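Novice: Handing you a structure now.
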Protein chains: 2
Amino acid sequence: MGYSDLDWKAINTIRLLAVDATLKANSGHPGAPMGMAPVAHVLFNKFMTFNPKNPDYANRDRFVLSNGHGCMLQYALLHLFGYALSLDDLKNFRQVDSITPGHPEAHDTPGIEVTTGPLGQGFANAVGLAIGQAHTAAVFNKPGYELSNNHTYVFFGDGCAMEGVASEAASTAGHLQLGNLIAIYDDNHISIDGDTKCAFTEDVLKRFEAYGWHTQHVTDGDHDLDGIEAAIQKAKDVKDKPSVIKLTTTIGFGSKLQGTGGVHGNPLKADDAKQVKEKFGFNPEESFVVPQEVYDLYNKHASEGAAAEQAWNDLFKKYQAEHKELGADLARRLAKKLPEGWAKKLPVYKPTDSAQASRKLSEKVLEDIHEVLPELLSGSADLTGSNNTRWKNAVDFQPPSTKIGEWSGRYLRYGVREHSMGAIMNGLAAYGTVIPAGGTFLNFVSYAAGAVRLSALSHQRVIWVATHDSIGLGEDGPTHQPIETLAHFRALPNCQVWRPADGNETSAAYYSALTSTGTPSVLALTRQNLPQLENSTIENGIKGGYVAVEAENADLTIVSTGSEVAIAIEAIKVLKDQHNLTTRVVSLPCWEVFDAQPKEYQLKVFPDGIPTLSVEVMSTLGWSKYSHEQFGLNRFGASGPYLEVYKKFEFTPEGIAKRGKLTVDFYKGLKPRSPVNRAFQQLI
Amino acid sequence: MGYSDLDWKAINTIRLLAVDATLKANSGHPGAPMGMAPVAHVLFNKFMTFNPKNPDYANRDRFVLSNGHGCMLQYALLHLFGYALSLDDLKNFRQVDSITPGHPEAHDTPGIEVTTGPLGQGFANAVGLAIGQAHTAAVFNKPGYELSNNHTYVFFGDGCAMEGVASEAASTAGHLQLGNLIAIYDDNHISIDGDTKCAFTEDVLKRFEAYGWHTQHVTDGDHDLDGIEAAIQKAKDVKDKPSVIKLTTTIGFGSKLQGTGGVHGNPLKADDAKQVKEKFGFNPEESFVVPQEVYDLYNKHASEGAAAEQAWNDLFKKYQAEHKELGADLARRLAKKLPEGWAKKLPVYKPTDSAQASRKLSEKVLEDIHEVLPELLSGSADLTGSNNTRWKNAVDFQPPSTKIGEWSGRYLRYGVREHSMGAIMNGLAAYGTVIPAGGTFLNFVSYAAGAVRLSALSHQRVIWVATHDSIGLGEDGPTHQPIETLAHFRALPNCQVWRPADGNETSAAYYSALTSTGTPSVLALTRQNLPQLENSTIENGIKGGYVAVEAENADLTIVSTGSEVAIAIEAIKVLKDQHNLTTRVVSLPCWEVFDAQPKEYQLKVFPDGIPTLSVEVMSTLGWSKYSHEQFGLNRFGASGPYLEVYKKFEFTPEGIAKRGKLTVDFYKGLKPRSPVNRAFQQLI
């Protein structure tokens with residue numbers, strides 16, 4: 001309360017930086033920053049604790065701009081509060097190699113928590129950040145040591161409100177009673193198609209009430225700073241529900257086009273920019289102007305944040321002395337380090353061990369490592385018994401009042417909400433103290449494609465336990481049998497797609513997924529049993545590919561993954577018996593990891609001069625990278641017992657041998673070059 | 001009202017068929033059929049009009065089982081009412097090549113409207129079916145001729161209710177005031193993880209109220225047939241809102257495990273099956289039993305449906321006489337035929353015509369063909385001005401009360417809801433009288449991956465106008481720049497991915513998309529301008545690939561798509577001037593269509609003996625199918641003006657020439673075989 005002209009000067013400075021930056025870039029979205037500057041000012045300067053000199057301060061309040069196209073709002077704030085984001089960076093808005101790209105990118109810009117822009121994602125990320133906080137507080141807070149008590153604030157617009165991923169996450173947040181989550185809905189009635197009345201006439205607050213949220217409406221978000229402050233304070237006071245504040249604002253406030261779609265996604269015209277500056281008491285001929293008193297105002301708040309961090313550091317030092325084990329654990333997690341020797345807990349198999357489904361092998365990994373890896377937070381999108389994601393004595397992450405779990409619980413019931421599971425996992429990973437793993441059928445990771453993409457782009461260590469990975473799931477049929485899914489995620493940069501063939505490869509997949517701190521992983525796992533292979537070791541597996549069966553003077557290399565490797569090995573005998581051909585078999589559980597091996601190693605696995613056939617029971621797309629000929633399934637599958645489905649499509653030793661023979665014949669006398677030999681390197 | 005023992009016998013027959021079929025298959029979901037048999041009986045026998053002898057009767061009521069795993073409910077009904085689905089088909093439930101697969105597939109089973117199972121999809125399909133009806137009625141109904149007045153009914157469970165795609169569609173349906181849509185929510189409190197209280201505690205009816213739906217609750221769905229009937233009747237009486245009826249049921253009603261997760265996804269134990277049969281007055285030793293009086297009951301209703309169709313046919317005959325043009329139009333649409341000569345309206349370009357963005361070229365197609373193709377229903381997920389999907393004088397599809405459109409309008413404002421747009425388009429296509437086209441950025445088609453997959457699997461002609469198709473979108477940056485997207489949809493069976501290089505190719509893409517009645521298409525279109533190419537014609541384009549620039553004794557073939565084709569053509573001169581190399585260029589706008597050309601033609605485009613380099617500014621994955629070496633972008637893009645982004649990644653004539661030279665050097669003296677030459681055919 002007690003806002004002065006200086007506050008309005010600060011608010012208008014933010015607005016004009018957005019006007020100037022979009023004008024200079026001749027691109028971008030001034031409307032949302034101009035409309036949301038008042039609430040941003042109140043929130044950042046009155047409520048949020050953060051230290052611009054250390055954007056990673058563990059107990060900082062988190063802020064997410066889910067309507068990421070309004071990022072000039074956030075860039076302006078980061079600059080004004082003193083983050084490492086200069087006025088020149090603002091002038092480089094939307095330029096190649098700047099730290100101020102067209103949408104906020106967490107990996108590249110200090111102070112950005114999560115990468116947003118694709119609508120709805122940020123909202124769901126915020127739910128993840130809030131879960132991360134609630135869990136961290138439950139695990140680490142002790143009497144006298146409230147180490148974790150930050151809030152998560154998220155701004156979202158009509159676009160986010162329409163997206164299903166945000167609806168899913170809102171339902172989850174309501175169920176989980178996340179009192180530490182405060183969402184501010186920019187109710188400006190404008191989306192790209194113009195007035196929202198053309199497509200979006202629902203009662204948003206009533207919907208959030210239905211989810212179990214606390215709701216408020218501030219009707220004059222353009223002027224009522226006191227009302228905004230009171231609403232945020234009230235939201236903070238509500239501890240047992242997430243809060244949403246509907247804030248009615250005028251998009252592009254101050255522009256001649258304010259309140260219209262014209263100001264949403266295009267810079268203001270030069271004369272409009274000038275009149276806005278005059279209206280706000282700024283010199284219309286100047287650009288990128290920040291009054292010193294605005295810097296001073298924000299610096300004051302920033303230094304309070306720095307002091308808060310100092311106090312926290314002191315508290316944490318005492319905590320580490322008093323609660324040695326927990327203190328060391330938290331310090332380790334914040335440093336993104338895994339516990340010494342954890343990998344020794346990974347299960348190891350001998351060829352004589354029994355055949356098992358890789359979803360069961362994955363369960364064994366989780367069972368064996370969860371105690372030594374307390375940051376691992378597993379879960380499933382309502383397929384717990386099928387994904388095998390829950391270790392035996394797991395406790396659910398639930399509000400204690402439900403009596404079915406605890407805030408310290410490490411198993412999350414995401415509901416049948418794959419997309420928000422992915423986006424919530426991104427938020428969890430971004431929080432910094434947990435490693436999220438979430439289960440669904442491989443086919444339904446596609447529902448979450450938007451979130452997986454952002455895991456990869458923003459370097460989040462997120463693990464998908466993607467079971468029922470092929471037609472091998474059998475009876476559920478083509479609606480559930482992935483064909484295109486692995487090609488999809490293999491084409492996604494910075495995403496590890498694993499399809500382990502047995503127990504040791506499954507352990508290798510987890511080893512790689514857990515140690516790759518800046519990369520998400522999709523573990524494609526079978527429903528059906530797989531035998532333990534002869535040459536499979538964790539050491540071989542973590543190279544992404546290795547020779548499963550070597551042979552001198554081989555006529556043919558077969559390269560395969562997952563459930564087909566053992567069938568390919570059976571085909572060796574058929575090829576010898578029926579065609580007198582000598583075959584070697586390569587297992588290639590992870591392309592991305594194999595591609596990172598030295599060329600020399602790659603050529604040992606795929607030597608020159610031997611025709612190579614790939615075998616994988618889904619789309620062949622991409623396989624010519626590692627093979628001359630491809631045996632796959634470029635059609636939809638079939639519903640039936642899995643062995644019959646495999647037989648129908650000839651994924652049998654005989655079916656493979658037949659194609660192996662055709663491959664050898666086709667290359668007779670040609671001594672083809674190894675598929676990994678290339679004319680030039682790809683840009684990375 | 002006035003239900004008798006016979007009704008319960010029919011209900012229990014349905015339940016036991018589900019018990020027997022899942023038991024015989026040793027797989028499947030008996031719980032939902034057992035719980036929903038009462039409402040299914042009331043709905044099908046009292047309310048729905050359909051003719052089992054002609055599942056395509058145009059004005060039939062539509063039924064969608066969104067909780068598709070309960071498909072034995074639907075299969076049992078189809079059998080009992082006399083569709084071409086025998087008792088043997090039920091006995092073949094979930095067997096290879098049966099017409100009773102694990103989830104309902106529209107393409108293969110008579111009486112199934114849409115393919116469901118992936119949760120949430122069916123609900124959104126139903127919204128599309130309802131839109132299709134409202135539009136058809138507005139266009140064709142005349143005084144005395146209510147040709148279209150069918151209802152759409154959809155069953156959905158907790159899983160669907162949790163999925164974002166259904167939330168999006170529900171919001172759209174509420175906005176559109178679809179009084180012809182009646183949804184029945186199976187409130188059985190059980191999902192795969194057990195009691196829904198572990199993840200789903202929102203107030204579903206309140207949420208639907210917020211969307212603008214009419215809501216009711218029938219508390220005893222297991223017994224209260226009168227209550228069910230009254231609720232459906234009431235829902236039918238509400239004409240200006242969609243209706244949802246929450247029906248509290250007991251999953252697996254009758255089983256010893258009723259009301260638990262144990263009966264959701266597993267067959268009953270043999271002894272449990274026996275006790276259910278006894279409880280329901282059936283012989284516990286017999287299976288697949290249908291009392292004759294149950295057949296008789298349902299046959300009676302089926303014959304009423306046949307009579308209704310006969311009456312409709314008579315009415316339509318009169319209509320065709322009285323409203324010649326409209327009558328012929330409707331008959332043509334129902335036959336899935338396009339109007340004679342429509343394709344002559346497709347725009348044709350000369351090389352001297354101005355450079356244009358392919359999104360603009362696409363707009364021109366829509367502008368030119370929309371009058372001659374009245375079944376075309378365009379739209380966008382809130383990117384109308386960017387996708388250029390709206391022809392100049394388009395009228396919005398809106399409830400007339402909104403005063404911003406008409407039911408007969410042919411432009412749909414989907415809101416920022418890509419996933420439900422895809423699923424609604426599937427419903428629209430399935431309705432049979434419209435061809436839906438929907439716009440978004442290519443990158444955000446991924447949000448709808450689940451729906452696109454079902455378009456392909458269920459053979460729906462759905463057109464995605466996917467603009468901003470690469471890093472060429474520039475400033476919006478990596479969050480919006482597709483890298484993996486084309487690989488993803490190219491790997492999807494039965495999906496045409498088009499990336500036209502100029503105007504004629506854009507027309508070809510539309511020609512192919514519109515004439516491929518059983519295949520969805522994704523048209524990847526640029527934001528930036530493209531020149532008109534020399535050899536580009538519609539005739540060449542519809543082959544999927546052709547020689548854009550031929551050269552005798554070529555040293556190199558460059559194959560490319562879309563915006564890179566013109567740059568590749570510019571590279572010819574650089575290769576000649578700097579390296580004295582002769583280069584030919586192939587444009588390959590659609591792989592799927594090219595793959596269907598005769599081998600002879602394919603070899604003309606990609607002759608043996610010439611090293612081939614592919615150039616496409618996104619993931620190289622899959623390109624080795626048509627090239628020996630690949631130039632692409634296996635990393636995320638960058639935010640900046642598009643020419644600078646292209647330059648950063650070397651997608652310039654010089655950058656291409658450099659890699660062309662390396663390719664030629666690498667294959668010096670090798671005369672490589674054409675990439676389209678293969679050792680064996682893929683299974684299709």
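Just so we're on the same page: first chain in the structure tokens is A, next is B, and so on; residues restart at 1 for each chain, and ligands are numbered from 1 in the order they show up.
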For chain B, work out the contacting residues on chain A at 6 Å, counting only C-alpha atoms, and write them as a PDB file with C-alpha atoms, in the first residue's frame.
Specialist:
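iface_8.pdb was written with the following content:
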ATOM      1  CA  ARG A  94      15.325 -11.123 -30.756  1.00  0.00           C
ATOM      2  CA  GLN A  95      18.766 -10.996 -32.393  1.00  0.00           C
ATOM      3  CA  VAL A  96      20.932 -14.014 -33.198  1.00  0.00           C
ATOM      4  CA  PRO A 101      15.522 -14.375 -27.533  1.00  0.00           C
ATOM      5  CA  GLY A 102      11.940 -14.172 -28.753  1.00  0.00           C
ATOM      6  CA  GLY A 159      -3.890 -18.636 -24.506  1.00  0.00           C
ATOM      7  CA  MET A 162      -7.240 -22.490 -23.227  1.00  0.00           C
ATOM      8  CA  GLU A 163      -4.469 -25.082 -23.494  1.00  0.00           C
ATOM      9  CA  GLY A 164      -5.233 -28.544 -22.168  1.00  0.00           C
ATOM     10  CA  VAL A 165      -1.815 -28.922 -20.600  1.00  0.00           C
ATOM     11  CA  GLU A 168      -4.489 -30.772 -16.512  1.00  0.00           C
ATOM     12  CA  HIS A 175      -5.902 -31.880  -5.851  1.00  0.00           C
ATOM     13  CA  ILE A 192      -4.312 -13.436 -31.680  1.00  0.00           C
ATOM     14  CA  ASP A 193      -7.694 -13.921 -33.315  1.00  0.00           C
ATOM     15  CA  ALA A 199     -13.686 -18.864 -28.960  1.00  0.00           C
ATOM     16  CA  THR A 201     -16.368 -17.649 -23.214  1.00  0.00           C
ATOM     17  CA  GLU A 202     -16.103 -20.022 -20.290  1.00  0.00           C
ATOM     18  CA  ASP A 203     -16.007 -18.827 -16.677  1.00  0.00           C
ATOM     19  CA  LYS A 206     -15.463 -21.007 -11.743  1.00  0.00           C
ATOM     20  CA  ARG A 207     -13.414 -23.652 -13.497  1.00  0.00           C
ATOM     21  CA  ALA A 210     -14.008 -26.636  -9.522  1.00  0.00           C
ATOM     22  CA  TYR A 211     -10.363 -27.725  -9.437  1.00  0.00           C
ATOM     23  CA  ASP A 382      -2.233 -43.468 -13.905  1.00  0.00           C
ATOM     24  CA  LEU A 383      -0.403 -46.563 -15.101  1.00  0.00           C
ATOM     25  CA  ARG A 413       0.121 -39.778  -8.996  1.00  0.00           C
ATOM     26  CA  GLY A 415      -3.497 -38.846 -13.145  1.00  0.00           C
ATOM     27  CA  VAL A 416      -4.272 -39.544 -16.802  1.00  0.00           C
ATOM     28  CA  ARG A 417      -2.505 -36.360 -17.771  1.00  0.00           C
ATOM     29  CA  SER A 446       3.470 -38.288 -27.769  1.00  0.00           C
ATOM     30  CA  TYR A 447       0.641 -36.585 -25.881  1.00  0.00           C
ATOM     31  CA  ALA A 449       5.514 -33.915 -27.118  1.00  0.00           C
ATOM     32  CA  GLY A 450       5.321 -30.204 -26.362  1.00  0.00           C
ATOM     33  CA  GLU A 475      -3.839 -57.104 -27.424  1.00  0.00           C
ATOM     34  CA  ASP A 476      -4.339 -53.392 -26.792  1.00  0.00           C
ATOM     35  CA  GLY A 477      -3.750 -53.024 -30.503  1.00  0.00           C
ATOM     36  CA  GLU A 484       6.560 -43.314 -35.210  1.00  0.00           C
ATOM     37  CA  HIS A 488      10.082 -38.590 -33.346  1.00  0.00           C
ATOM     38  CA  ALA A 491      14.935 -36.486 -34.219  1.00  0.00           C
ATOM     39  CA  LEU A 492      14.598 -34.191 -31.216  1.00  0.00           C
ATOM     40  CA  PRO A 493      17.956 -32.603 -30.361  1.00  0.00           C
ATOM     41  CA  SER A 619       9.219 -47.141 -38.352  1.00  0.00           C
ATOM     42  CA  LEU A 621      12.816 -43.848 -40.517  1.00  0.00           C
ATOM     43  CA  GLY A 622      16.325 -42.821 -39.592  1.00  0.00           C
ATOM     44  CA  SER A 624      19.778 -45.831 -42.716  1.00  0.00           C
ATOM     45  CA  ASN A 634       6.048 -48.746 -41.648  1.00  0.00           C
ATOM     46  CA  ARG A 635       2.383 -49.428 -41.015  1.00  0.00           C
ATOM     47  CA  SER A 639      -4.402 -56.352 -31.854  1.00  0.00           C
ATOM     48  CA  GLY A 640      -3.617 -59.863 -30.695  1.00  0.00           C
ATOM     49  CA  LEU A 662      18.456 -60.489 -49.428  1.00  0.00           C
ATOM     50  CA  THR A 663      20.744 -57.829 -48.004  1.00  0.00           C
ATOM     51  CA  PHE A 666      22.102 -57.127 -52.834  1.00  0.00           C
ATOM     52  CA  ALA A 679      31.369 -36.926 -46.031  1.00  0.00           C
ATOM     53  CA  ILE A 684      25.872 -28.934 -33.567  1.00  0.00           C
TER      54      ILE A 684
END
Novice: Per DSSP on the backbone, filter range 3-94 of chain A down to the residues in alpha helix (DSSP H) and report them as a tab-separated table (two decimals) with N, CA and C atoms, in the first residue's frame.
Specialist:
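Result written to states-v5.tsv:
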chain	number	residue	atom	x	y	z
A	5	ASP	N	4.27	8.20	-7.03
A	5	ASP	CA	4.61	8.45	-8.43
A	5	ASP	C	5.80	7.61	-8.88
A	6	LEU	N	6.70	7.37	-7.93
A	6	LEU	CA	7.89	6.59	-8.30
A	6	LEU	C	7.49	5.19	-8.77
A	7	ASP	N	6.50	4.64	-8.09
A	7	ASP	CA	6.03	3.32	-8.52
A	7	ASP	C	5.51	3.38	-9.96
A	8	TRP	N	4.75	4.41	-10.25
A	8	TRP	CA	4.22	4.52	-11.60
A	8	TRP	C	5.32	4.80	-12.61
A	9	LYS	N	6.34	5.53	-12.17
A	9	LYS	CA	7.47	5.77	-13.07
A	9	LYS	C	8.18	4.44	-13.38
A	10	ALA	N	8.30	3.61	-12.36
A	10	ALA	CA	8.92	2.30	-12.58
A	10	ALA	C	8.07	1.46	-13.53
A	11	ILE	N	6.78	1.46	-13.27
A	11	ILE	CA	5.87	0.68	-14.13
A	11	ILE	C	5.96	1.16	-15.58
A	12	ASN	N	5.96	2.47	-15.76
A	12	ASN	CA	6.01	2.99	-17.12
A	12	ASN	C	7.38	2.78	-17.77
A	13	THR	N	8.41	2.72	-16.96
A	13	THR	CA	9.74	2.39	-17.50
A	13	THR	C	9.72	0.98	-18.10
A	14	ILE	N	9.13	0.06	-17.36
A	14	ILE	CA	9.00	-1.32	-17.87
A	14	ILE	C	8.23	-1.31	-19.19
A	15	ARG	N	7.10	-0.60	-19.17
A	15	ARG	CA	6.27	-0.56	-20.39
A	15	ARG	C	7.06	-0.03	-21.58
A	16	LEU	N	7.82	1.03	-21.34
A	16	LEU	CA	8.50	1.68	-22.47
A	16	LEU	C	9.72	0.87	-22.94
A	17	LEU	N	10.34	0.14	-22.01
A	17	LEU	CA	11.42	-0.74	-22.47
A	17	LEU	C	10.85	-1.80	-23.42
A	18	ALA	N	9.66	-2.29	-23.11
A	18	ALA	CA	9.01	-3.26	-24.01
A	18	ALA	C	8.65	-2.61	-25.33
A	19	VAL	N	8.18	-1.37	-25.28
A	19	VAL	CA	7.86	-0.65	-26.51
A	19	VAL	C	9.12	-0.47	-27.36
A	20	ASP	N	10.19	-0.01	-26.71
A	20	ASP	CA	11.42	0.28	-27.45
A	20	ASP	C	12.07	-0.98	-28.01
A	21	ALA	N	12.11	-2.03	-27.21
A	21	ALA	CA	12.80	-3.24	-27.66
A	21	ALA	C	12.06	-3.89	-28.83
A	22	THR	N	10.75	-3.93	-28.76
A	22	THR	CA	10.01	-4.55	-29.87
A	22	THR	C	10.10	-3.66	-31.11
A	23	LEU	N	10.12	-2.35	-30.89
A	23	LEU	CA	10.24	-1.43	-32.02
A	23	LEU	C	11.60	-1.60	-32.69
A	24	LYS	N	12.65	-1.69	-31.88
A	24	LYS	CA	14.00	-1.83	-32.44
A	24	LYS	C	14.14	-3.16	-33.18
A	25	ALA	N	13.58	-4.21	-32.58
A	25	ALA	CA	13.66	-5.53	-33.23
A	25	ALA	C	12.71	-5.62	-34.41
A	31	GLY	N	2.15	-5.85	-26.14
A	31	GLY	CA	0.86	-5.72	-25.47
A	31	GLY	C	0.82	-6.26	-24.05
A	32	ALA	N	1.29	-7.50	-23.86
A	32	ALA	CA	1.24	-8.10	-22.54
A	32	ALA	C	2.13	-7.37	-21.54
A	33	PRO	N	3.38	-7.03	-21.90
A	33	PRO	CA	4.20	-6.27	-20.95
A	33	PRO	C	3.55	-4.95	-20.55
A	34	MET	N	2.95	-4.25	-21.48
A	34	MET	CA	2.33	-2.96	-21.15
A	34	MET	C	1.13	-3.15	-20.23
A	35	GLY	N	0.40	-4.25	-20.46
A	35	GLY	CA	-0.76	-4.51	-19.61
A	35	GLY	C	-0.40	-5.06	-18.25
A	36	MET	N	0.67	-5.83	-18.18
A	36	MET	CA	1.00	-6.52	-16.92
A	36	MET	C	2.09	-5.83	-16.11
A	37	ALA	N	2.59	-4.72	-16.58
A	37	ALA	CA	3.64	-4.04	-15.83
A	37	ALA	C	3.20	-3.70	-14.39
A	38	PRO	N	1.97	-3.23	-14.18
A	38	PRO	CA	1.59	-2.91	-12.79
A	38	PRO	C	1.69	-4.11	-11.85
A	39	VAL	N	1.11	-5.22	-12.25
A	39	VAL	CA	1.14	-6.38	-11.35
A	39	VAL	C	2.57	-6.90	-11.21
A	40	ALA	N	3.34	-6.82	-12.28
A	40	ALA	CA	4.73	-7.27	-12.19
A	40	ALA	C	5.50	-6.42	-11.18
A	41	HIS	N	5.26	-5.12	-11.22
A	41	HIS	CA	5.93	-4.22	-10.29
A	41	HIS	C	5.57	-4.56	-8.85
A	42	VAL	N	4.30	-4.71	-8.58
A	42	VAL	CA	3.86	-5.01	-7.22
A	42	VAL	C	4.44	-6.35	-6.77
A	71	CYS	N	7.82	-11.73	-23.10
A	71	CYS	CA	9.09	-11.82	-22.37
A	71	CYS	C	9.80	-10.49	-22.17
A	72	MET	N	9.47	-9.46	-22.97
A	72	MET	CA	10.13	-8.18	-22.72
A	72	MET	C	9.76	-7.67	-21.33
A	73	LEU	N	8.62	-8.06	-20.83
A	73	LEU	CA	8.27	-7.73	-19.44
A	73	LEU	C	9.32	-8.30	-18.49
A	74	GLN	N	9.64	-9.57	-18.71
A	74	GLN	CA	10.57	-10.24	-17.81
A	74	GLN	C	12.00	-9.74	-18.02
A	75	TYR	N	12.39	-9.57	-19.28
A	75	TYR	CA	13.74	-9.06	-19.54
A	75	TYR	C	13.91	-7.67	-18.92
A	76	ALA	N	12.89	-6.83	-19.04
A	76	ALA	CA	12.98	-5.49	-18.45
A	76	ALA	C	13.16	-5.58	-16.95
A	77	LEU	N	12.38	-6.45	-16.30
A	77	LEU	CA	12.50	-6.61	-14.85
A	77	LEU	C	13.88	-7.11	-14.47
A	78	LEU	N	14.35	-8.11	-15.20
A	78	LEU	CA	15.67	-8.68	-14.88
A	78	LEU	C	16.74	-7.59	-14.97
A	79	HIS	N	16.64	-6.80	-16.02
A	79	HIS	CA	17.61	-5.72	-16.17
A	79	HIS	C	17.50	-4.71	-15.02
A	80	LEU	N	16.29	-4.27	-14.74
A	80	LEU	CA	16.11	-3.20	-13.76
A	80	LEU	C	16.52	-3.64	-12.36
A	81	PHE	N	16.32	-4.91	-12.05
A	81	PHE	CA	16.69	-5.38	-10.71
A	81	PHE	C	18.17	-5.72	-10.59
A	87	LEU	N	21.40	-3.20	-20.63
A	87	LEU	CA	20.55	-2.44	-21.54
A	87	LEU	C	20.86	-2.82	-22.99
A	88	ASP	N	22.13	-3.12	-23.26
A	88	ASP	CA	22.48	-3.59	-24.61
A	88	ASP	C	21.80	-4.90	-24.94
A	89	ASP	N	21.69	-5.75	-23.93
A	89	ASP	CA	20.98	-7.01	-24.17
A	89	ASP	C	19.53	-6.73	-24.56
A	90	LEU	N	18.94	-5.73	-23.91
A	90	LEU	CA	17.56	-5.37	-24.29
A	90	LEU	C	17.51	-4.84	-25.72
A	91	LYS	N	18.55	-4.10	-26.07
A	91	LYS	CA	18.60	-3.57	-27.44
A	91	LYS	C	18.82	-4.68	-28.47
Novice: Which polymer residues have any atom within 6 Å of an atom of Ile463 in chain B, counting only C-alpha atoms, with same-chain residues fewer than 2 positions away left out, as a list in words?
Specialist: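 Near Ile463 in chain B, the qualifying residues are Ala437, Pro520 and Ser521 of chain B.
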Novice: Please identify all polymer residues within 7 Å of Gly221 in chain B, counting only C-alpha atoms, omitting same-chain residues fewer than 3 positions from it, and present them as a PDB file with N, CA and C atoms, in the first residue's frame.
Specialist:
ATOM      1  N   VAL B 218     -27.089 -38.404 -12.148  1.00  0.00           N
ATOM      2  CA  VAL B 218     -27.915 -39.564 -11.813  1.00  0.00           C
ATOM      3  C   VAL B 218     -27.102 -40.395 -10.832  1.00  0.00           C
ATOM      4  N   ASP B 224     -31.072 -47.330 -11.717  1.00  0.00           N
ATOM      5  CA  ASP B 224     -32.148 -46.358 -11.943  1.00  0.00           C
ATOM      6  C   ASP B 224     -32.361 -46.073 -13.437  1.00  0.00           C
ATOM      7  N   LEU B 247     -23.024 -39.938 -14.196  1.00  0.00           N
ATOM      8  CA  LEU B 247     -23.745 -41.160 -13.864  1.00  0.00           C
ATOM      9  C   LEU B 247     -22.871 -41.954 -12.912  1.00  0.00           C
ATOM     10  N   THR B 248     -23.289 -42.023 -11.687  1.00  0.00           N
ATOM     11  CA  THR B 248     -22.485 -42.765 -10.720  1.00  0.00           C
ATOM     12  C   THR B 248     -22.797 -44.250 -10.875  1.00  0.00           C
ATOM     13  N   THR B 249     -21.761 -44.996 -11.192  1.00  0.00           N
ATOM     14  CA  THR B 249     -21.924 -46.433 -11.451  1.00  0.00           C
ATOM     15  C   THR B 249     -20.924 -47.230 -10.621  1.00  0.00           C
TER      16      THR B 249
END
Novice: Contacts of Asp502 in chain A at 9 Å or less, counting only C-alpha atoms, minus same-chain residues fewer than 2 places along, as a list in words?
Specialist: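 Within the cut-off, the hits are Tyr349, Ala355, Gln356, Ala357, Ser358, Leu361, Pro500, Asn504, Glu505, Thr506, Ser507, Leu530, Pro531, Gln532, Leu533, Ser536, Gly562 and Ser563 of chain A.
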Novice: Just the strand (DSSP E or B) stuff from range 46-119 of chain A, please, per backbone DSSP, written as a short mmCIF file (atom, residue, chain, number, x, y, z; two decimals) with N, CA, C and O atoms, in the first residue's frame.
Specialist:
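Once written, part_24.cif looks like this:
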data_model
loop_
_atom_site.label_atom_id
_atom_site.label_comp_id
_atom_site.auth_asym_id
_atom_site.auth_seq_id
_atom_site.Cartn_x
_atom_site.Cartn_y
_atom_site.Cartn_z
N ARG A 62 10.03 -18.26 -7.00
CA ARG A 62 10.11 -18.57 -8.43
C ARG A 62 9.06 -17.77 -9.18
O ARG A 62 7.92 -17.64 -8.72
N PHE A 63 9.46 -17.31 -10.35
CA PHE A 63 8.52 -16.61 -11.22
C PHE A 63 8.52 -17.24 -12.60
O PHE A 63 9.58 -17.48 -13.18
N VAL A 64 7.34 -17.48 -13.12
CA VAL A 64 7.21 -18.07 -14.46
C VAL A 64 6.28 -17.18 -15.28
O VAL A 64 5.17 -16.85 -14.86
N LEU A 65 6.76 -16.83 -16.45
CA LEU A 65 5.92 -16.09 -17.40
C LEU A 65 5.37 -17.09 -18.41
O LEU A 65 6.02 -17.39 -19.42
#
Novice: Compile the contact shell of Asp61 in chain A as a list in words: residues with an atom at most 7 Å away, counting only C-alpha atoms, same-chain residues fewer than 4 positions apart removed.
Specialist: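 Returned residues: Met48, Thr49, Phe50, Asn150, His151 and Thr152 of chain A.
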Novice: For Ile656 in chain B, which of B:Ala509, B:Ala568, B:Phe606, B:Lys599 is the closest residue, counting only C-alpha atoms?
Specialist: B:Ala568
